[in-house]
Each structure stands twice: as structure tokens, then as C-alpha cells.
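Asks: The file below is query33.tsv, TSV, C-alpha atoms:
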```
chain	number	residue	atom	x	y	z
A	114	MET	CA	0.00	0.00	0.00
A	115	PRO	CA	1.55	3.34	-1.02
A	116	ARG	CA	2.47	5.74	1.75
A	117	LYS	CA	0.08	8.66	2.14
A	118	GLN	CA	1.66	11.97	1.16
A	119	ARG	CA	2.25	14.55	3.86
A	120	CYS	CA	0.39	17.79	3.35
A	121	ARG	CA	2.57	20.64	2.05
A	122	CYS	CA	2.12	24.04	3.74
A	123	ILE	CA	1.65	27.01	1.43
A	124	GLY	CA	1.80	30.68	2.35
A	125	GLY	CA	-1.48	31.64	0.66
A	126	TYR	CA	-3.49	31.55	-2.51
A	127	PRO	CA	-2.11	33.19	-5.68
A	128	ASP	CA	-3.68	36.34	-7.10
A	129	HIS	CA	-3.47	34.97	-10.65
A	130	TRP	CA	-4.73	31.50	-11.48
A	131	GLU	CA	-4.14	31.03	-15.19
A	132	PHE	CA	-1.85	32.17	-17.97
A	133	SER	CA	-2.57	31.82	-21.67
A	134	PRO	CA	-0.55	32.33	-24.86
A	135	GLU	CA	-1.63	35.22	-27.07
A	136	GLU	CA	-2.50	32.82	-29.86
A	137	SER	CA	-5.50	30.64	-29.15
A	138	SER	CA	-4.79	26.94	-28.84
A	139	ASP	CA	-6.94	23.84	-28.56
A	140	LYS	CA	-4.20	21.95	-26.75
A	141	GLU	CA	-4.96	20.50	-23.33
A	142	PRO	CA	-3.94	22.96	-20.59
A	143	VAL	CA	-1.13	22.30	-18.15
A	144	VAL	CA	-2.39	22.06	-14.56
A	145	MET	CA	-0.01	23.05	-11.76
A	146	GLY	CA	-0.93	22.29	-8.15
A	147	LEU	CA	-0.70	24.98	-5.48
A	148	ASP	CA	2.09	23.05	-3.76
A	149	GLU	CA	4.04	23.11	-7.03
A	150	PHE	CA	3.33	26.82	-7.43
A	151	GLU	CA	4.62	27.39	-3.90
A	152	THR	CA	8.05	25.94	-4.73
A	153	ILE	CA	8.32	28.28	-7.73
A	154	ARG	CA	7.35	31.22	-5.51
A	155	LEU	CA	9.73	30.39	-2.68
A	156	LEU	CA	12.75	29.23	-4.69
A	157	ASP	CA	12.61	31.40	-7.82
A	158	ARG	CA	10.73	34.49	-6.62
A	159	GLU	CA	11.90	34.79	-3.00
A	160	GLY	CA	15.31	33.20	-3.56
A	161	LEU	CA	15.14	30.68	-0.72
A	162	THR	CA	17.36	27.63	-0.65
A	163	GLN	CA	15.77	24.21	-0.95
A	164	GLU	CA	16.43	23.62	2.76
A	165	GLN	CA	14.63	26.85	3.66
A	166	CYS	CA	11.80	26.03	1.29
A	167	ALA	CA	11.43	22.58	2.84
A	168	GLU	CA	11.22	24.11	6.31
A	169	ARG	CA	8.52	26.56	5.19
A	170	MET	CA	6.47	23.83	3.56
A	171	GLY	CA	6.95	21.31	6.37
A	172	VAL	CA	8.40	18.56	4.18
A	173	ALA	CA	11.78	16.96	3.48
A	174	ARG	CA	14.26	18.63	1.14
A	175	THR	CA	14.05	15.66	-1.23
A	176	THR	CA	10.29	16.24	-1.45
A	177	VAL	CA	10.85	19.88	-2.34
A	178	THR	CA	13.30	18.83	-5.04
A	179	ALA	CA	10.73	16.48	-6.58
A	180	ILE	CA	7.91	19.07	-6.43
A	181	TYR	CA	10.16	21.77	-7.88
A	182	GLU	CA	11.28	19.60	-10.79
A	183	SER	CA	7.64	18.81	-11.60
A	184	SER	CA	6.64	22.48	-11.48
A	185	ARG	CA	9.54	23.59	-13.68
A	186	ARG	CA	8.68	20.89	-16.23
A	187	LYS	CA	5.09	22.15	-16.36
A	188	VAL	CA	6.21	25.75	-16.86
A	189	ALA	CA	8.44	24.57	-19.72
A	190	GLU	CA	5.58	22.64	-21.33
A	191	ALA	CA	3.32	25.70	-21.17
A	192	LEU	CA	5.93	28.06	-22.62
A	193	VAL	CA	7.41	25.81	-25.31
A	194	ASP	CA	4.18	24.15	-26.45
A	195	GLY	CA	2.02	27.29	-26.17
A	196	ARG	CA	-0.46	25.72	-23.73
A	197	ARG	CA	-2.57	27.40	-21.07
A	198	LEU	CA	-1.15	27.11	-17.56
A	199	LEU	CA	-3.77	26.65	-14.84
A	200	ILE	CA	-3.06	26.72	-11.10
A	201	ARG	CA	-5.49	24.39	-9.39
A	202	GLY	CA	-5.68	21.99	-6.45
A	203	GLY	CA	-2.68	20.01	-5.30
A	204	ASN	CA	-1.71	18.43	-1.99
A	205	TYR	CA	-1.52	21.32	0.45
A	206	GLN	CA	-2.72	23.09	3.54
A	207	LEU	CA	-2.76	26.82	4.18
A	208	ASN	CA	-0.43	28.26	6.79
A	209	ASP	CA	-2.01	30.17	9.66
A	210	GLN	CA	-3.51	33.36	8.23
A	211	GLY	CA	-3.75	35.29	11.50
A	212	SER	CA	-7.21	34.18	12.58
A	213	GLU	CA	-6.39	33.71	16.27
A	214	ASN	CA	-8.49	36.73	17.32
A	215	ILE	CA	-11.61	35.55	15.50
A	216	MET	CA	-14.54	34.25	17.51
A	217	GLN	CA	-14.88	30.50	17.85
A	218	LYS	CA	-17.27	28.88	15.43
A	219	GLY	CA	-19.75	26.24	16.57
A	220	SER	CA	-19.85	22.96	14.69
A	221	ASP	CA	-23.49	23.43	13.67
A	222	ARG	CA	-23.14	27.02	12.54
A	223	MET	CA	-22.69	28.63	9.14
A	224	ARG	CA	-20.32	31.59	8.99
A	225	ILE	CA	-21.00	34.48	6.61
A	226	ALA	CA	-18.44	37.16	5.80
A	227	VAL	CA	-19.35	40.54	4.32
A	228	THR	CA	-16.95	43.11	2.88
A	229	TYR	CA	-17.56	45.94	5.33
A	230	GLU	CA	-17.26	49.72	5.61
A	231	ASN	CA	-19.34	51.94	7.91
A	232	GLY	CA	-22.23	49.51	8.07
A	233	GLU	CA	-22.40	49.04	4.30
A	234	ILE	CA	-21.17	46.37	1.91
A	235	PHE	CA	-17.80	47.56	0.59
A	236	GLN	CA	-17.82	47.29	-3.18
A	237	HIS	CA	-14.23	46.27	-4.05
A	238	PHE	CA	-13.37	42.87	-2.61
A	239	GLY	CA	-9.63	43.12	-3.28
A	240	HIS	CA	-9.34	46.41	-1.37
A	241	THR	CA	-11.57	45.72	1.61
A	242	GLU	CA	-9.97	46.59	4.95
A	243	GLN	CA	-12.60	44.89	7.10
A	244	PHE	CA	-14.92	41.93	7.07
A	245	LYS	CA	-17.94	41.56	9.26
A	246	LEU	CA	-18.52	37.95	10.26
A	247	TYR	CA	-21.93	36.55	11.12
A	248	ASP	CA	-22.56	33.13	12.63
A	249	VAL	CA	-25.90	31.60	11.67
A	250	GLU	CA	-27.75	28.79	13.38
A	251	ALA	CA	-31.25	27.58	12.47
A	252	GLY	CA	-31.72	30.53	10.10
A	253	LYS	CA	-30.87	33.15	12.73
A	254	ILE	CA	-27.77	35.28	13.32
A	255	VAL	CA	-26.44	34.33	16.74
A	256	ALA	CA	-23.09	36.16	16.79
A	257	ASP	CA	-21.18	38.78	14.80
A	258	GLN	CA	-17.72	40.37	14.77
A	259	ILE	CA	-15.86	43.00	12.74
A	260	VAL	CA	-12.32	41.93	11.88
A	261	PRO	CA	-9.53	43.75	10.02
A	262	THR	CA	-8.02	42.05	6.99
A	263	ASN	CA	-4.41	40.92	7.05
A	264	GLY	CA	-3.30	42.57	3.85
A	265	SER	CA	-4.40	43.23	0.31
A	266	GLY	CA	-4.66	40.98	-2.68
A	267	HIS	CA	-7.30	38.48	-3.70
A	268	GLY	CA	-5.29	35.42	-2.69
A	269	ALA	CA	-4.42	36.79	0.75
A	270	LEU	CA	-8.03	37.74	1.48
A	271	ALA	CA	-9.37	34.36	0.38
A	272	GLY	CA	-6.79	32.64	2.57
A	273	PHE	CA	-7.81	34.80	5.52
A	274	LEU	CA	-11.47	33.88	5.04
A	275	LYS	CA	-10.69	30.17	4.81
A	276	ALA	CA	-8.63	30.32	8.00
A	277	ALA	CA	-11.57	32.11	9.65
A	278	GLN	CA	-13.80	29.13	8.70
A	279	VAL	CA	-16.05	31.24	6.50
A	280	ASP	CA	-18.66	29.34	4.49
A	281	ALA	CA	-20.14	32.17	2.40
A	282	LEU	CA	-19.06	35.64	1.27
A	283	ILE	CA	-21.32	38.58	0.45
A	284	CYS	CA	-19.67	41.38	-1.53
A	285	GLY	CA	-20.12	43.89	-4.35
A	286	GLY	CA	-17.73	43.69	-7.29
A	287	ILE	CA	-15.18	40.90	-7.43
A	288	GLY	CA	-12.59	39.90	-10.01
A	289	MET	CA	-12.11	36.49	-11.57
A	290	GLY	CA	-8.87	35.86	-9.68
A	291	ALA	CA	-10.70	36.33	-6.39
A	292	GLN	CA	-13.53	34.09	-7.56
A	293	ASN	CA	-11.02	31.35	-8.36
A	294	ALA	CA	-9.40	31.73	-4.93
A	295	LEU	CA	-12.75	31.53	-3.14
A	296	ALA	CA	-13.78	28.48	-5.15
A	297	GLU	CA	-10.49	26.78	-4.23
A	298	ALA	CA	-11.16	27.65	-0.58
A	299	GLY	CA	-14.65	26.17	-0.76
A	300	ILE	CA	-16.35	29.48	0.03
A	301	ARG	CA	-19.71	30.15	-1.60
A	302	LEU	CA	-19.91	33.56	-3.30
A	303	TYR	CA	-22.80	36.01	-3.33
A	304	GLY	CA	-21.63	39.00	-5.39
A	305	GLY	CA	-23.20	42.13	-6.75
A	306	VAL	CA	-24.90	43.03	-3.46
A	307	THR	CA	-25.22	46.61	-2.15
A	308	GLY	CA	-26.62	48.30	0.94
A	309	SER	CA	-26.62	47.34	4.60
A	310	ALA	CA	-24.24	44.54	5.59
A	311	ASP	CA	-26.50	43.45	8.45
A	312	ALA	CA	-29.56	43.30	6.23
A	313	ALA	CA	-27.75	41.28	3.57
A	314	ALA	CA	-26.41	38.79	6.10
A	315	LEU	CA	-29.87	38.32	7.58
A	316	ALA	CA	-31.35	37.84	4.12
A	317	LEU	CA	-28.79	35.14	3.34
A	318	ALA	CA	-29.43	33.44	6.68
A	319	GLU	CA	-33.13	33.33	5.83
A	320	GLY	CA	-32.51	32.14	2.26
A	321	ARG	CA	-33.88	35.23	0.50
A	322	LEU	CA	-30.78	37.21	-0.52
A	323	GLU	CA	-30.85	38.57	-4.06
A	324	TYR	CA	-27.43	38.62	-5.70
A	325	ASP	CA	-25.73	38.68	-9.08
A	326	PRO	CA	-23.85	35.45	-9.92
A	327	ASP	CA	-22.07	37.31	-12.74
A	328	ALA	CA	-20.87	40.26	-10.62
A	329	LYS	CA	-17.50	41.61	-11.72
A	330	CYS	CA	-15.16	44.26	-10.43
A	331	ASP	CA	-14.27	46.70	-13.22
A	332	HIS	CA	-12.85	49.47	-10.96
A	333	HIS	CA	-15.34	51.91	-12.47
A	334	GLY	CA	-18.65	50.54	-11.39
A	335	HIS	CA	-20.50	47.36	-10.64
A	336	HIS	CA	-22.85	45.42	-12.78
A	337	HIS	CA	-25.90	44.12	-11.01
A	338	GLY	CA	-28.02	41.83	-13.10
A	339	GLU	CA	-31.57	40.79	-12.51
A	340	GLY	CA	-30.41	38.94	-9.44
A	341	HIS	CA	-30.92	35.45	-8.08
A	342	GLU	CA	-32.43	34.42	-4.81
A	343	CYS	CA	-30.29	32.12	-2.75
A	344	GLY	CA	-31.35	28.93	-1.08
A	345	HIS	CA	-29.86	27.18	1.92
A	346	HIS	CA	-27.00	25.43	0.14
A	347	HIS	CA	-23.82	26.20	2.00
A	348	ASP	CA	-20.37	24.62	1.72
A	349	GLU	CA	-18.24	24.12	4.79
A	350	GLY	CA	-14.82	25.75	4.81
A	351	HIS	CA	-12.12	25.05	7.36
A	352	GLY	CA	-8.83	26.77	7.92
A	353	CYS	CA	-5.48	25.11	8.44
A	354	GLY	CA	-2.63	26.10	10.69
A	355	HIS	CA	0.90	24.77	10.96
A	356	GLN	CA	-0.09	21.40	12.39
A	357	GLU	CA	1.77	18.34	11.18
A	358	GLY	CA	0.13	15.45	9.38
A	359	ASP	CA	-2.79	15.45	7.01
A	360	LYS	CA	-5.44	17.34	9.01
A	361	GLY	CA	-7.17	19.85	6.79
A	362	CYS	CA	-5.13	18.81	3.77
A	363	ARG	CA	-6.66	19.71	0.41
A	364	GLN	CA	-5.88	17.15	-2.28
A	365	HIS	CA	-6.79	17.67	-5.92
A	366	HIS	CA	-5.14	16.37	-9.01
A	367	GLY	CA	-6.04	18.38	-12.06
A	368	GLU	CA	-9.47	19.45	-13.23
```
What does this structure look like when you write it as C-alpha cells?

Replies:
Amino acid sequence: MPRKQRCRCIGGYPDHWEFSPEESSDKEPVVMGLDEFETIRLLDREGLTQEQCAERMGVARTTVTAIYESSRRKVAEALVDGRRLLIRGGNYQLNDQGSENIMQKGSDRMRIAVTYENGEIFQHFGHTEQFKLYDVEAGKIVADQIVPTNGSGHGALAGFLKAAQVDALICGGIGMGAQNALAEAGIRLYGGVTGSADAAALALAEGRLEYDPDAKCDHHGHHHGEGHECGHHHDEGHGCGHQEGDKGCRQHHGE
């Protein structure tokens, strides 16, 4: 029986999830796991040694070598063969994203996050400085908390929400990179919403929130379509810290 792989710690989600050649191609895309992407980031972008990279990721140096060789081969295939490069899945867990000051979440509760500013839904996800968290049980809001974000960037914010055990996000405009990050984190998205944060969270808790599934962030305005009413379908999301072993490990292999 093959030995189960140890989860590889990554520093966060990327801001950009796919790269395409200028010329269109019908070739099958190259899929790079987030653990493979992390070795490229740490070794080639940050200039760490393989020993330092291994320590960051919580694995042996020989494991880093193998992951790095695989990631470099995939980059070469994308560049030389003119194929799309997609960053998806992998065998990883997120490092602690600074969620230690966030209220404890009950096992039977759903947690909603709302991009927040002065009581309203902040309209640019990637630039939000605060989230308001709402815990829902039996269709009612039972607890709430305003928390500052730990930095800017779509990937960092999605990682923060996952570590905070958020199940659903309500926001205004949101870019495709952020949508990819939230999908990878298992967080359900309700975009294109305006107005009171409290009212929107309550509407979602009661299954009557109107939102735009095609909401985009164009930095000039926000497109709100006819809207869709949500039901009570909520995905669970759980954060990971620096613990050893396979707890909370996300394993995907391609699309």
C-alpha cells in the first residue's frame, strides 16, 4: 500500500490562477498544483534555498526537489508548447492566516463574511480593509464580529477567510482571480450586493438574498443583473494552521 503523502504548507493563494498564450490553442492545458506553485514562488521568486523552502512547507528537502522539478517541467511545457497554464488543487494546507483573534465557530453554525465599511457592503473585494462575520444557526444570526483584513490581494483575502472558517461571502464587485481563490477555498460567493451589511447577512441566513452570480469588479462601477435568490445550500470551509500530518489537507489532481 503506497504511503500517504504529507500535506505541504503554502503561504497563501495566488492572485493569478491562469496564464494563456496570445495565440488561441486547442491543446490540453497544463495544470499546476498549489504546492508546485509554492516551490516556484519560494525558490525562484523569493530566492530561498531548498532547505529553507522545505522548512517553510513542512516537508523533506528531497520532497521539495521532486515538487520543484515537476513544477519547472510544467512551466516549460506551457511556454514551449504554447499551452494554457492553470493553477489548481494540489496536496496542500494553508499556513495560519492570522485568525487567532476571530470568535470561535460552533460545529453546527454557518459563517457568513461581508466586505464591510461603515455599516455598508464595501464594493471592491480586493481592497476591503474589514470583514464583518456573522454566525448563523437555524436561520438566525447568533453572533457577529468585525475583523480587520491581514493585507491586500485576492489570494491573501481568500486565505484569511478560509482560515476564519467562512462558508459564504457577500460582496459587491469581485474579479475572476478572487472568484477562483474563493472556489479553491470552498467558500460560496454572493456577489453584486449593495446596501446594509447586516440586512444582507440576515437575508442570506433566511434564504432570500438577491445577488448577481455574474458580478465583476471593473474598478469603475459594478454590474448588477436581474439577481438570483439564494437557497440554503452552504459549503463548509475550514482553515489550516501549521499542524503536522494530514489534518485539513486539500488534495486535488487536475481538473

Asks: Could you tell me which of A:Leu155, A:Ala189, A:Met223, A:Leu207 comes closest to Arg121 of chain A if we count all atoms listed in the file?

Replies: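 For Arg121 of chain A, the nearest of the given residues is A:Leu207.
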
Asks: State, in Å with one decimal place, the distance from atom CA of Met145 of chain A to atom CA of Leu295 of chain A.

Replies: 17.6 Å

Asks: Which of these, A:Leu156, A:Ala226, A:Val279, A:Leu147, has the shortest distance to Tyr181 of chain A once you count only C-alpha atoms?

Replies: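 The answer is A:Leu156, which sits nearest to Tyr181 of chain A.
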
Asks: Nearest to Gly305 of chain A among A:Tyr324, A:Trp130, A:Phe273, A:Phe150, with distances taken over all atoms listed in the file: which residue is it?

Replies: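 Result for the nearest residue to Gly305 of chain A: A:Tyr324.
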
Asks: Using only C-alpha atoms, find the one residue out of A:Gly252, A:Gly202, A:Pro326, A:Gly124 that sits nearest to Ala298 of chain A.

Replies: A:Gly202

Asks: Counting only C-alpha atoms, which residue out of A:Thr152, A:Ser133, A:Asn293, A:Ser184 sits closest to Met170 of chain A?

Replies: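 Checking each of A:Thr152, A:Ser133, A:Asn293, A:Ser184 against Met170 of chain A, counting only C-alpha atoms, the winner is A:Thr152.
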
Asks: How many Å lie between atom CA of Glu149 of chain A and atom CA of Ala271 of chain A, rounded to one decimal?

Replies: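 It comes out at 19.0 Å.
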
Asks: Do you have the atom CA of Gln243 of chain A-atom CA of Tyr229 of chain A distance handy?

Replies: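 Separating atom CA of Gln243 of chain A from atom CA of Tyr229 of chain A is a distance of 5.4 Å.
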
Asks: Around the point (-19.2, 46.5, -2.8), in the coordinates given by the file, pick out the residues reaching within 9 Å, counting only C-alpha atoms, and return them as an MDAnalysis selection string.

Replies: chainID A and resid 228:229 233:238 241 283:287 304:308 330 335

Asks: Measuring between all atoms listed in the file, which one of A:Ala310, A:Ala276, A:Glu135, A:Gly219 shows the shortest distance to Phe244 of chain A?

Replies: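 Using all atoms listed in the file, Phe244 of chain A sits closest to A:Ala310.
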
Asks: Counting all atoms listed in the file, what is within 8 Å of Arg169 of chain A, bar same-chain residues fewer than 4 positions away, as a list in words?

Replies: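 Counting all atoms listed in the file, the residues come to Cys122, Ile123 and Gln165 of chain A.
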